[in-house]
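The data block below is target.cif; it holds mmCIF, C-alpha atoms.
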data_entry
loop_
_atom_site.label_atom_id
_atom_site.label_comp_id
_atom_site.auth_asym_id
_atom_site.auth_seq_id
_atom_site.Cartn_x
_atom_site.Cartn_y
_atom_site.Cartn_z
CA MET Z 7 -68.82 -76.31 -20.17
CA ILE Z 8 -65.98 -74.95 -18.05
CA ASP Z 9 -64.84 -77.97 -16.07
CA LEU Z 10 -61.15 -78.80 -15.80
CA SER Z 11 -61.94 -82.47 -15.17
CA ARG Z 12 -62.70 -82.63 -18.94
CA ILE Z 13 -58.93 -82.50 -19.47
CA GLY Z 14 -58.15 -84.85 -16.60
CA MET Z 15 -57.42 -82.21 -13.95
CA GLU Z 16 -58.26 -83.01 -10.33
CA LYS Z 17 -58.57 -80.45 -7.53
CA GLY Z 18 -55.39 -79.94 -5.52
CA ARG Z 19 -53.08 -81.65 -8.02
CA GLN Z 20 -50.39 -80.02 -10.16
CA TYR Z 21 -50.05 -80.46 -13.92
CA GLU Z 22 -47.25 -79.65 -16.36
CA THR Z 23 -48.45 -77.21 -19.00
CA ILE Z 24 -47.15 -74.56 -21.38
CA ILE Z 25 -48.43 -71.09 -20.56
CA THR Z 26 -48.64 -68.60 -23.40
CA THR Z 27 -48.81 -64.84 -22.83
CA LYS Z 28 -48.67 -61.53 -24.69
CA ASN Z 29 -45.35 -59.69 -24.54
CA GLU Z 30 -45.25 -55.90 -24.09
CA ASP Z 31 -44.53 -55.49 -27.85
CA GLY Z 32 -47.55 -57.65 -28.74
CA SER Z 33 -45.48 -60.72 -29.69
CA LYS Z 34 -46.26 -64.12 -28.20
CA ASN Z 35 -44.41 -65.88 -25.39
CA ALA Z 36 -44.47 -69.51 -24.21
CA ALA Z 37 -43.00 -71.13 -21.10
CA PRO Z 38 -43.48 -74.46 -19.31
CA ILE Z 39 -45.25 -73.76 -16.00
CA GLY Z 40 -46.92 -75.94 -13.38
CA VAL Z 41 -50.64 -75.39 -12.88
CA ILE Z 42 -52.46 -76.41 -9.70
CA CYS Z 43 -56.11 -77.23 -10.23
CA ALA Z 44 -58.11 -75.34 -7.57
CA GLY Z 45 -61.59 -76.49 -8.58
CA ASP Z 46 -63.73 -76.95 -11.69
CA ASP Z 47 -62.91 -73.51 -13.06
CA LYS Z 48 -60.04 -72.12 -10.99
CA ILE Z 49 -56.29 -72.59 -11.03
CA ILE Z 50 -53.26 -71.48 -9.05
CA ASN Z 51 -49.73 -70.83 -10.33
CA ARG Z 52 -46.58 -70.09 -8.39
CA ILE Z 53 -44.15 -68.34 -10.70
CA PHE Z 54 -40.60 -67.21 -9.93
CA LYS Z 55 -39.95 -63.48 -10.18
CA GLY Z 56 -37.88 -62.47 -13.16
CA SER Z 57 -39.67 -64.61 -15.72
CA HIS Z 58 -41.20 -63.04 -18.83
CA THR Z 59 -44.37 -65.04 -18.23
CA LEU Z 60 -44.83 -63.46 -14.79
CA GLU Z 61 -44.20 -59.94 -16.13
CA ASN Z 62 -46.73 -60.54 -18.90
CA ILE Z 63 -49.38 -61.91 -16.53
CA LEU Z 64 -48.88 -59.05 -14.04
CA ARG Z 65 -49.42 -56.56 -16.90
CA GLU Z 66 -52.14 -58.29 -18.97
CA LYS Z 67 -53.98 -60.08 -16.12
CA GLU Z 68 -54.80 -62.89 -18.54
CA PHE Z 69 -53.04 -65.86 -20.08
CA THR Z 70 -53.55 -69.17 -21.89
CA VAL Z 71 -52.77 -72.65 -20.52
CA ASN Z 72 -51.88 -75.22 -23.22
CA ILE Z 73 -52.24 -78.98 -22.67
CA THR Z 74 -49.75 -81.06 -24.65
CA HIS Z 75 -47.52 -84.14 -24.34
CA ASP Z 76 -45.13 -82.95 -27.05
CA PRO Z 77 -41.53 -83.11 -25.74
CA GLU Z 78 -40.38 -80.78 -28.55
CA LEU Z 79 -42.73 -77.98 -27.38
CA PHE Z 80 -41.60 -78.36 -23.76
CA LYS Z 81 -37.93 -78.54 -24.74
CA THR Z 82 -37.96 -75.54 -27.07
CA SER Z 83 -40.02 -73.32 -24.77
CA THR Z 84 -37.63 -74.14 -21.89
CA LEU Z 85 -34.29 -73.83 -23.67
CA GLY Z 86 -35.22 -70.92 -25.93
CA ASN Z 87 -38.21 -69.31 -27.58
CA LEU Z 88 -40.93 -70.88 -29.67
CA ASN Z 89 -41.21 -69.51 -33.20
CA GLN Z 90 -44.10 -67.01 -33.53
CA GLU Z 91 -45.59 -69.34 -36.16
CA CYS Z 92 -46.28 -71.94 -33.44
CA PHE Z 93 -49.02 -69.68 -32.01
CA SER Z 94 -52.62 -69.16 -33.08
CA LYS Z 95 -54.11 -65.66 -33.26
CA ASP Z 96 -55.73 -66.21 -29.84
CA TYR Z 97 -52.28 -66.89 -28.30
CA SER Z 98 -52.82 -70.64 -27.87
CA LEU Z 99 -50.35 -73.12 -29.38
CA LYS Z 100 -51.44 -74.46 -32.77
CA ILE Z 101 -50.47 -78.06 -32.07
CA CYS Z 102 -51.66 -78.38 -28.45
CA ASP Z 103 -54.26 -81.05 -27.55
CA ALA Z 104 -56.40 -78.55 -25.63
CA TYR Z 105 -56.10 -75.13 -24.03
CA PHE Z 106 -57.92 -72.89 -21.62
CA LYS Z 107 -58.07 -69.14 -21.10
CA CYS Z 108 -57.57 -67.58 -17.65
CA LYS Z 109 -58.30 -64.21 -16.04
CA VAL Z 110 -56.37 -63.33 -12.88
CA ILE Z 111 -58.35 -63.06 -9.61
CA SER Z 112 -55.43 -62.26 -7.28
CA PHE Z 113 -51.65 -61.97 -6.91
CA THR Z 114 -49.86 -62.87 -3.64
CA GLU Z 115 -46.16 -62.70 -2.70
CA ALA Z 116 -44.84 -66.10 -1.62
CA ILE Z 117 -41.99 -68.50 -1.42
CA LYS Z 118 -42.05 -71.58 -3.59
CA GLN Z 119 -42.62 -73.90 -0.62
CA SER Z 120 -41.77 -77.29 -1.97
CA ASP Z 121 -38.96 -76.31 -4.29
CA PRO Z 122 -35.35 -77.22 -3.60
CA ILE Z 123 -34.55 -73.49 -3.79
CA LYS Z 124 -36.38 -71.48 -1.14
CA LYS Z 125 -36.02 -67.74 -0.89
CA LYS Z 126 -38.70 -65.56 0.61
CA GLY Z 127 -40.51 -63.20 -1.75
CA GLU Z 128 -39.05 -64.95 -4.76
CA ALA Z 129 -42.33 -66.01 -6.28
CA ILE Z 130 -45.84 -64.75 -6.91
CA VAL Z 131 -48.90 -66.91 -6.36
CA ILE Z 132 -51.53 -66.21 -8.99
CA LYS Z 133 -55.13 -67.32 -8.60
CA SER Z 134 -57.17 -67.29 -11.80
CA GLN Z 135 -60.63 -67.91 -13.18
CA VAL Z 136 -60.89 -70.21 -16.19
CA THR Z 137 -63.02 -68.40 -18.78
CA ASP Z 138 -62.97 -70.84 -21.71
CA ILE Z 139 -61.78 -74.38 -22.53
CA VAL Z 140 -61.06 -75.53 -26.10
CA ILE Z 141 -60.41 -79.23 -26.75
CA HIS Z 142 -58.82 -80.14 -30.09
CA ARG Z 143 -58.53 -83.84 -29.27
CA SER Z 144 -59.04 -86.09 -26.25
CA ALA Z 145 -56.34 -84.95 -23.83
CA LYS Z 146 -55.19 -85.43 -20.28
CA ALA Z 147 -53.00 -82.82 -18.66
CA MET Z 148 -49.53 -84.19 -17.80
CA ASN Z 149 -49.20 -85.18 -14.14
CA ARG Z 150 -45.76 -86.35 -13.00
CA GLY Z 151 -46.96 -88.49 -10.07
CA PHE Z 152 -47.62 -91.84 -11.72
CA GLY Z 153 -44.20 -91.97 -13.41
CA TYR Z 154 -42.53 -91.67 -10.00
CA VAL Z 155 -44.71 -94.45 -8.57
CA ILE Z 156 -43.60 -96.73 -11.43
CA GLU Z 157 -39.93 -95.76 -10.97
CA SER Z 158 -40.14 -96.35 -7.20
CA LEU Z 159 -41.71 -99.78 -7.71
CA ALA Z 160 -39.08 -100.74 -10.32
CA ASN Z 161 -36.27 -99.72 -7.95
CA TYR Z 162 -37.99 -101.45 -5.01
CA THR Z 163 -37.85 -104.80 -6.81
CA ARG Z 164 -34.08 -104.39 -7.26
CA PHE Z 165 -33.23 -103.45 -3.65
CA ASP Z 166 -32.23 -107.00 -2.71
CA LEU Z 167 -30.07 -107.41 -5.84
CA VAL Z 168 -27.78 -104.38 -5.57
CA ASP Z 169 -24.81 -103.29 -3.41
CA GLU Z 170 -24.88 -100.76 -0.55
CA GLN Z 171 -23.94 -97.78 -2.73
CA LYS Z 172 -26.71 -98.52 -5.20
CA LYS Z 173 -29.19 -99.03 -2.31
CA GLU Z 174 -28.30 -95.55 -1.02
CA GLU Z 175 -28.81 -94.16 -4.54
CA TYR Z 176 -32.23 -95.84 -4.75
CA LEU Z 177 -33.17 -94.44 -1.31
CA ASN Z 178 -32.23 -90.94 -2.45
CA ARG Z 179 -34.30 -91.46 -5.57
CA PHE Z 180 -37.22 -92.66 -3.51
CA ARG Z 181 -37.06 -89.59 -1.25
CA GLU Z 182 -37.04 -87.26 -4.26
CA ALA Z 183 -39.84 -89.21 -5.97
CA ASN Z 184 -41.92 -89.11 -2.78
CA ARG Z 185 -41.33 -85.35 -2.44
CA VAL Z 186 -42.60 -84.77 -5.99
CA VAL Z 187 -45.58 -87.15 -5.63
CA LEU Z 188 -46.68 -85.50 -2.36
CA LYS Z 189 -46.55 -82.16 -4.21
CA VAL Z 190 -48.20 -83.07 -7.49
CA GLY Z 191 -49.61 -86.62 -7.46
CA THR Z 192 -53.15 -87.90 -7.16
CA LYS Z 193 -54.51 -89.40 -3.92
CA GLU Z 194 -53.88 -92.85 -5.41
CA ASP Z 195 -50.26 -92.02 -6.30
CA ILE Z 196 -49.65 -90.68 -2.77
CA LYS Z 197 -51.21 -93.78 -1.21
CA ALA Z 198 -49.04 -96.09 -3.33
CA MET Z 199 -45.87 -94.19 -2.36
CA GLY Z 200 -46.87 -94.44 1.32
CA GLU Z 201 -47.13 -98.20 1.02
CA ILE Z 202 -43.80 -98.53 -0.77
CA LYS Z 203 -42.29 -96.44 2.05
CA LYS Z 204 -43.77 -98.82 4.65
CA GLU Z 205 -42.26 -101.81 2.84
CA LEU Z 206 -38.84 -100.12 2.71
CA ILE Z 207 -39.03 -99.40 6.47
CA LYS Z 208 -39.94 -103.07 7.08
CA LYS Z 209 -36.75 -104.01 5.21
CA GLY Z 210 -34.78 -101.83 7.66
CA PHE Z 211 -34.21 -98.81 5.40
CA LYS Z 212 -34.86 -95.15 6.26
CA PRO Z 213 -36.69 -93.77 3.22
CA MET F 14 -58.09 -105.19 -35.78
CA ILE F 15 -54.83 -106.30 -34.15
CA ASP F 16 -52.74 -103.16 -34.17
CA LEU F 17 -50.87 -102.09 -31.03
CA SER F 18 -50.88 -98.46 -32.17
CA ARG F 19 -54.58 -98.46 -31.16
CA ILE F 20 -53.35 -98.37 -27.55
CA GLY F 21 -50.58 -95.88 -28.25
CA MET F 22 -47.74 -98.38 -28.69
CA GLU F 23 -44.95 -97.51 -31.10
CA LYS F 24 -42.45 -100.00 -32.56
CA GLY F 25 -39.18 -100.22 -30.63
CA ARG F 26 -40.46 -98.47 -27.50
CA GLN F 27 -41.05 -100.01 -24.07
CA TYR F 28 -44.26 -99.68 -22.08
CA GLU F 29 -45.13 -100.41 -18.44
CA THR F 30 -47.88 -103.01 -18.22
CA ILE F 31 -49.26 -105.65 -15.89
CA ILE F 32 -48.91 -109.16 -17.26
CA THR F 33 -51.39 -111.77 -16.06
CA THR F 34 -50.74 -115.50 -16.34
CA LYS F 35 -52.11 -118.86 -15.24
CA ASN F 36 -50.38 -120.49 -12.28
CA GLU F 37 -49.71 -124.25 -12.25
CA ASP F 38 -52.70 -124.77 -9.90
CA GLY F 39 -54.99 -122.81 -12.27
CA SER F 40 -55.10 -119.66 -10.11
CA LYS F 41 -54.30 -116.26 -11.61
CA ASN F 42 -51.08 -114.31 -11.29
CA ALA F 43 -50.27 -110.64 -12.02
CA ALA F 44 -46.93 -108.82 -12.19
CA PRO F 45 -45.76 -105.47 -13.56
CA ILE F 46 -43.56 -106.15 -16.60
CA GLY F 47 -42.11 -103.97 -19.36
CA VAL F 48 -43.33 -104.74 -22.88
CA ILE F 49 -41.38 -103.73 -25.98
CA CYS F 50 -43.55 -103.14 -29.03
CA ALA F 51 -41.98 -105.05 -31.94
CA GLY F 52 -44.51 -104.16 -34.64
CA ASP F 53 -48.27 -103.94 -35.14
CA ASP F 54 -48.93 -107.37 -33.65
CA LYS F 55 -45.69 -108.51 -31.98
CA ILE F 56 -44.07 -107.80 -28.64
CA ILE F 57 -40.87 -108.68 -26.81
CA ASN F 58 -40.37 -109.16 -23.05
CA ARG F 59 -37.16 -109.64 -21.13
CA ILE F 60 -38.02 -111.32 -17.83
CA PHE F 61 -35.67 -112.20 -14.98
CA LYS F 62 -35.37 -115.88 -14.16
CA GLY F 63 -37.03 -116.88 -10.91
CA SER F 64 -40.24 -114.93 -11.42
CA HIS F 65 -43.62 -116.70 -11.31
CA THR F 66 -44.63 -114.88 -14.48
CA LEU F 67 -41.69 -116.36 -16.39
CA GLU F 68 -42.39 -119.89 -15.08
CA ASN F 69 -46.04 -119.54 -16.10
CA ILE F 70 -45.21 -118.24 -19.59
CA LEU F 71 -42.60 -121.00 -20.18
CA ARG F 72 -45.23 -123.59 -19.26
CA GLU F 73 -48.42 -122.12 -20.80
CA LYS F 74 -46.84 -120.33 -23.81
CA GLU F 75 -49.51 -117.67 -23.55
CA PHE F 76 -50.28 -114.65 -21.39
CA THR F 77 -52.29 -111.44 -21.15
CA VAL F 78 -50.93 -107.87 -21.20
CA ASN F 79 -53.07 -105.34 -19.28
CA ILE F 80 -52.96 -101.61 -19.99
CA THR F 81 -53.73 -99.44 -16.96
CA HIS F 82 -52.64 -96.23 -15.24
CA ASP F 83 -53.89 -97.37 -11.83
CA PRO F 84 -51.10 -96.95 -9.22
CA GLU F 85 -52.95 -99.30 -6.83
CA LEU F 86 -52.80 -102.18 -9.35
CA PHE F 87 -49.10 -101.62 -10.01
CA LYS F 88 -48.30 -101.26 -6.31
CA THR F 89 -50.23 -104.34 -5.16
CA SER F 90 -48.97 -106.60 -7.95
CA THR F 91 -45.38 -105.53 -7.16
CA LEU F 92 -45.44 -105.71 -3.36
CA GLY F 93 -47.68 -108.75 -3.06
CA ASN F 94 -50.43 -110.59 -4.92
CA LEU F 95 -53.61 -109.25 -6.45
CA ASN F 96 -56.78 -110.77 -5.04
CA GLN F 97 -58.26 -113.44 -7.37
CA GLU F 98 -61.41 -111.28 -7.58
CA CYS F 99 -59.45 -108.65 -9.53
CA PHE F 100 -59.28 -111.02 -12.54
CA SER F 101 -61.84 -111.78 -15.23
CA LYS F 102 -62.45 -115.37 -16.34
CA ASP F 103 -60.20 -114.81 -19.37
CA TYR F 104 -57.28 -113.86 -17.02
CA SER F 105 -57.37 -110.13 -17.85
CA LEU F 106 -57.74 -107.57 -15.04
CA LYS F 107 -61.34 -106.42 -14.52
CA ILE F 108 -60.48 -102.73 -14.13
CA CYS F 109 -57.82 -102.36 -16.84
CA ASP F 110 -58.36 -99.83 -19.65
CA ALA F 111 -57.44 -102.38 -22.33
CA TYR F 112 -55.70 -105.73 -22.67
CA PHE F 113 -54.26 -107.99 -25.30
CA LYS F 114 -53.63 -111.71 -25.53
CA CYS F 115 -50.25 -113.12 -26.59
CA LYS F 116 -48.94 -116.48 -27.85
CA VAL F 117 -45.21 -117.13 -27.52
CA ILE F 118 -43.19 -117.38 -30.77
CA SER F 119 -39.76 -117.94 -29.19
CA PHE F 120 -37.70 -117.99 -25.99
CA THR F 121 -34.04 -116.88 -25.94
CA GLU F 122 -31.50 -116.80 -23.07
CA ALA F 123 -30.14 -113.30 -22.53
CA ILE F 124 -28.77 -110.71 -20.18
CA LYS F 125 -30.88 -107.69 -19.36
CA GLN F 126 -28.64 -105.31 -21.30
CA SER F 127 -29.66 -101.93 -20.07
CA ASP F 128 -30.42 -102.81 -16.48
CA PRO F 129 -28.24 -101.68 -13.58
CA ILE F 130 -27.80 -105.35 -12.67
CA LYS F 131 -26.15 -107.38 -15.43
CA LYS F 132 -25.53 -111.08 -15.10
CA LYS F 133 -25.32 -113.38 -18.08
CA GLY F 134 -28.11 -115.90 -18.50
CA GLU F 135 -30.22 -114.16 -15.90
CA ALA F 136 -33.14 -113.37 -18.15
CA ILE F 137 -35.21 -114.86 -20.92
CA VAL F 138 -36.24 -112.87 -23.98
CA ILE F 139 -39.73 -113.82 -25.10
CA LYS F 140 -41.07 -112.92 -28.52
CA SER F 141 -44.84 -113.18 -28.88
CA GLN F 142 -47.66 -112.82 -31.35
CA VAL F 143 -50.61 -110.65 -30.31
CA THR F 144 -53.78 -112.67 -30.96
CA ASP F 145 -56.50 -110.35 -29.67
CA ILE F 146 -56.90 -106.77 -28.39
CA VAL F 147 -59.81 -105.69 -26.16
CA ILE F 148 -60.30 -101.99 -25.43
CA HIS F 149 -62.61 -101.09 -22.52
CA ARG F 150 -61.98 -97.37 -22.80
CA SER F 151 -59.62 -95.05 -24.71
CA ALA F 152 -56.20 -95.93 -23.36
CA LYS F 153 -52.54 -95.25 -23.97
CA ALA F 154 -49.96 -97.66 -22.64
CA MET F 155 -47.70 -96.06 -20.00
CA ASN F 156 -44.36 -94.93 -21.39
CA ARG F 157 -41.85 -93.52 -18.90
CA GLY F 158 -39.91 -91.36 -21.36
CA PHE F 159 -41.88 -88.10 -21.33
CA GLY F 160 -41.84 -87.83 -17.52
CA TYR F 161 -38.03 -87.91 -17.56
CA VAL F 162 -37.90 -85.22 -20.26
CA ILE F 163 -40.09 -82.98 -18.06
CA GLU F 164 -37.95 -83.71 -14.97
CA SER F 165 -34.74 -83.01 -16.88
CA LEU F 166 -36.11 -79.69 -18.18
CA ALA F 167 -37.30 -78.67 -14.68
CA ASN F 168 -33.86 -79.43 -13.21
CA TYR F 169 -32.13 -77.71 -16.14
CA THR F 170 -33.87 -74.42 -15.32
CA ARG F 171 -32.52 -74.62 -11.76
CA PHE F 172 -28.88 -75.39 -12.59
CA ASP F 173 -27.81 -71.75 -12.26
CA LEU F 174 -29.63 -71.32 -8.95
CA VAL F 175 -28.17 -74.19 -6.91
CA ASP F 176 -24.84 -75.03 -5.21
CA GLU F 177 -22.19 -77.46 -6.49
CA GLN F 178 -23.51 -80.46 -4.56
CA LYS F 179 -27.02 -79.98 -5.91
CA LYS F 180 -25.60 -79.51 -9.44
CA GLU F 181 -23.85 -82.88 -9.11
CA GLU F 182 -27.13 -84.43 -7.92
CA TYR F 183 -28.96 -82.94 -10.92
CA LEU F 184 -26.25 -84.28 -13.27
CA ASN F 185 -26.63 -87.76 -11.80
CA ARG F 186 -30.37 -87.48 -12.23
CA PHE F 187 -29.92 -86.37 -15.81
CA ARG F 188 -27.65 -89.34 -16.58
CA GLU F 189 -30.18 -91.78 -15.13
CA ALA F 190 -33.08 -90.06 -16.92
CA ASN F 191 -31.18 -90.18 -20.21
CA ARG F 192 -30.38 -93.89 -19.70
CA VAL F 193 -34.08 -94.66 -19.23
CA VAL F 194 -35.24 -92.46 -22.11
CA LEU F 195 -32.74 -94.05 -24.51
CA LYS F 196 -34.13 -97.43 -23.44
CA VAL F 197 -37.86 -96.75 -23.45
CA GLY F 198 -38.67 -93.28 -24.84
CA THR F 199 -40.08 -92.19 -28.17
CA LYS F 200 -37.89 -90.67 -30.90
CA GLU F 201 -39.15 -87.23 -29.81
CA ASP F 202 -38.25 -87.89 -26.14
CA ILE F 203 -34.76 -89.06 -27.14
CA LYS F 204 -34.24 -86.00 -29.36
CA ALA F 205 -35.29 -83.65 -26.55
CA MET F 206 -32.88 -85.32 -24.09
CA GLY F 207 -30.07 -85.00 -26.66
CA GLU F 208 -30.68 -81.27 -26.90
CA ILE F 209 -30.81 -80.80 -23.12
CA LYS F 210 -27.48 -82.70 -22.98
CA LYS F 211 -25.97 -80.32 -25.57
CA GLU F 212 -27.08 -77.31 -23.51
CA LEU F 213 -25.55 -78.81 -20.35
CA ILE F 214 -22.25 -79.39 -22.20
CA LYS F 215 -22.34 -75.76 -23.43
CA LYS F 216 -22.60 -74.70 -19.78
CA GLY F 217 -19.41 -76.67 -19.05
CA PHE F 218 -20.99 -79.74 -17.41
CA LYS F 219 -20.31 -83.40 -18.24
CA PRO F 220 -23.75 -84.99 -18.42
#

Written form, structure tokens:
Amino acid sequence: MIDLSRIGMEKGRQYETIITTKNEDGSKNAAPIGVICAGDDKIINRIFKGSHTLENILREKEFTVNITHDPELFKTSTLGNLNQECFSKDYSLKICDAYFKCKVISFTEAIKQSDPIKKKGEAIVIKSQVTDIVIHRSAKAMNRGFGYVIESLANYTRFDLVDEQKKEEYLNRFREANRVVLKVGTKEDIKAMGEIKKELIKKGFKP
Amino acid sequence: MIDLSRIGMEKGRQYETIITTKNEDGSKNAAPIGVICAGDDKIINRIFKGSHTLENILREKEFTVNITHDPELFKTSTLGNLNQECFSKDYSLKICDAYFKCKVISFTEAIKQSDPIKKKGEAIVIKSQVTDIVIHRSAKAMNRGFGYVIESLANYTRFDLVDEQKKEEYLNRFREANRVVLKVGTKEDIKAMGEIKKELIKKGFKP
């Protein structure tokens, strides 16, 4: 059954995945890319121009999204290239928890709205149809929201214990955490951040 | 079987949980507290003096550790008090994914070493024996490490695209992320952060 909720994905939220694609020479490529769930069987990606992944998707019109919580896979595919032996024949990653196959529906020029770096025409928005889901073991796609809620709560409890400089640092952290949660988090994460913000305002801060 | 690895806990690593305790008047108390896994059936907590949770544990010598990824539970138990209806008769939280019961082995005066606020004698280290584990549904205790690895990798990819001020901000973020990962993360998280640090040094930064 093609239903992204099977791997913990919720419509409108963004997940951290590793996308694998076919290079022009037939070799395999992997890169960490955010995936926005756009329904049971549809996703959206915004990918910066200039990346191999984007070139490969523009050419092949299909790609694989791998679900994993392995820091080594994320680190290596960001800092360099994964060894070809990490890939299965079908272009998925051998040690991922789950993966799904996508076919592109549309490409659109765009800016990466919520990124710290905004330049018009710098990214392409790709809408895709999920054509197959394979689950190796019970897996939930990585969502960054909850971690920021926990960090914001931990810092909130220390506000009254630290000096002005540290308070300013915590406020900056809160603003960044809130920016990310609004972009990627679940409704519950967003609600929690809103209430932490209210409490900070009550204390006289400007979060 | 009493084995904390059943809920994803690994020796030496710290997890974000909600600890529930019995107040002096018999009512129920909940607070978000970090739990360090000290083996299959032992945990360690460092708790600031002055907290209700600490008072309750010093008096009762037992407590309950709840495993949940619910931002609402974390938010409410940090900013205020959970409604008594949120608790089961056995003091666990009704909607947690899993919980375990603990009996105190020892109390030790300490400073909270790795915290931004360090004052001697401000915390108590509690070592406890796990006496029972109840799993409502497949659950992994929340560990903050992986989220910081992902954030550090995302910022790393933007280093060459941003101005000096933003670079400094990213470096500060990296330092804080690395501090937390060294404290709470898995071996794999710590290794990944070490390699990101090496790459930043290669680029001429001082992370």

Practice task
Determine the nearest neighbour of Z:Gly151 from the options F:Lys219, F:His82, F:Lys114, F:Lys211, counting all atoms listed in the file.
Solution key: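 The closest residue to Z:Gly151 is F:His82.
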
Could you give me, as JSON lines, a per-residue list for chain Z showing, wherever an atom lies at most 9 Å from an atom of chain F, the closest pair of atoms and their distance in Å to one decimal, using only C-alpha atoms and sorting by chain then residue number from low to high?
{"residue": "Z:Glu22", "atom": "CA", "partner": "F:Ile163", "partner_atom": "CA", "distance": 8.1}
{"residue": "Z:Pro38", "atom": "CA", "partner": "F:Ala167", "partner_atom": "CA", "distance": 8.8}
{"residue": "Z:His75", "atom": "CA", "partner": "F:Phe159", "partner_atom": "CA", "distance": 7.5}
{"residue": "Z:Asp76", "atom": "CA", "partner": "F:Glu201", "partner_atom": "CA", "distance": 7.9}
{"residue": "Z:Pro77", "atom": "CA", "partner": "F:Asp202", "partner_atom": "CA", "distance": 5.8}
{"residue": "Z:Glu78", "atom": "CA", "partner": "F:Ala205", "partner_atom": "CA", "distance": 6.2}
{"residue": "Z:Phe80", "atom": "CA", "partner": "F:Ile163", "partner_atom": "CA", "distance": 7.5}
{"residue": "Z:Lys81", "atom": "CA", "partner": "F:Ala205", "partner_atom": "CA", "distance": 6.0}
{"residue": "Z:Thr82", "atom": "CA", "partner": "F:Ala205", "partner_atom": "CA", "distance": 8.6}
{"residue": "Z:Thr84", "atom": "CA", "partner": "F:Leu166", "partner_atom": "CA", "distance": 6.8}
{"residue": "Z:Leu85", "atom": "CA", "partner": "F:Ile209", "partner_atom": "CA", "distance": 7.8}
{"residue": "Z:Pro122", "atom": "CA", "partner": "F:Val175", "partner_atom": "CA", "distance": 8.5}
{"residue": "Z:Ile123", "atom": "CA", "partner": "F:Val175", "partner_atom": "CA", "distance": 7.1}
{"residue": "Z:Met148", "atom": "CA", "partner": "F:Gly160", "partner_atom": "CA", "distance": 8.5}
{"residue": "Z:Asn149", "atom": "CA", "partner": "F:Gly160", "partner_atom": "CA", "distance": 8.5}
{"residue": "Z:Arg150", "atom": "CA", "partner": "F:Gly160", "partner_atom": "CA", "distance": 6.2}
{"residue": "Z:Phe152", "atom": "CA", "partner": "F:Pro84", "partner_atom": "CA", "distance": 6.7}
{"residue": "Z:Gly153", "atom": "CA", "partner": "F:Arg157", "partner_atom": "CA", "distance": 6.2}
{"residue": "Z:Tyr154", "atom": "CA", "partner": "F:Gly160", "partner_atom": "CA", "distance": 8.5}
{"residue": "Z:Val155", "atom": "CA", "partner": "F:Pro84", "partner_atom": "CA", "distance": 6.9}
{"residue": "Z:Ile156", "atom": "CA", "partner": "F:Phe87", "partner_atom": "CA", "distance": 7.5}
{"residue": "Z:Glu157", "atom": "CA", "partner": "F:Arg157", "partner_atom": "CA", "distance": 8.5}
{"residue": "Z:Leu159", "atom": "CA", "partner": "F:Thr91", "partner_atom": "CA", "distance": 6.8}
{"residue": "Z:Ala160", "atom": "CA", "partner": "F:Thr91", "partner_atom": "CA", "distance": 8.5}
{"residue": "Z:Tyr162", "atom": "CA", "partner": "F:Thr91", "partner_atom": "CA", "distance": 8.7}
{"residue": "Z:Thr163", "atom": "CA", "partner": "F:Thr91", "partner_atom": "CA", "distance": 7.6}
{"residue": "Z:Arg164", "atom": "CA", "partner": "F:Ile130", "partner_atom": "CA", "distance": 8.3}
{"residue": "Z:Leu167", "atom": "CA", "partner": "F:Ile130", "partner_atom": "CA", "distance": 7.5}
{"residue": "Z:Val168", "atom": "CA", "partner": "F:Ile130", "partner_atom": "CA", "distance": 7.2}
{"residue": "Z:Arg179", "atom": "CA", "partner": "F:Arg186", "partner_atom": "CA", "distance": 8.7}
{"residue": "Z:Glu194", "atom": "CA", "partner": "F:Pro84", "partner_atom": "CA", "distance": 6.2}
{"residue": "Z:Asp195", "atom": "CA", "partner": "F:Pro84", "partner_atom": "CA", "distance": 5.8}
{"residue": "Z:Lys197", "atom": "CA", "partner": "F:Glu85", "partner_atom": "CA", "distance": 8.1}
{"residue": "Z:Ala198", "atom": "CA", "partner": "F:Lys88", "partner_atom": "CA", "distance": 6.0}
{"residue": "Z:Met199", "atom": "CA", "partner": "F:Lys88", "partner_atom": "CA", "distance": 8.5}
{"residue": "Z:Glu201", "atom": "CA", "partner": "F:Lys88", "partner_atom": "CA", "distance": 8.0}
{"residue": "Z:Ile202", "atom": "CA", "partner": "F:Lys88", "partner_atom": "CA", "distance": 7.6}
{"residue": "Z:Glu205", "atom": "CA", "partner": "F:Leu92", "partner_atom": "CA", "distance": 8.0}

Handout entry: Distance query stretch 50-65 of chain F at most 9 Å, all atoms listed in the file, self and fewer than 3 positions along chain excluded, as number ranges by chain
Key = F: 15-18, 22-28, 34, 36, 42, 44, 46-47, 68-70, 115, 123-125, 134-144

Exercise for the section: Between atom CA of Z:Glu174 and atom CA of Z:Ile207, measure the distance and give it in Å to one decimal. Expected result: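 Pair atom CA of Z:Glu174 / atom CA of Z:Ile207 returns 13.6 Å.
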
Completion exercise
Min atom-atom distance to F:Thr30 from the set F:Leu106, F:Phe100, F:Arg188, F:Lys180, counting all atoms listed in the file, belongs to F:Leu106
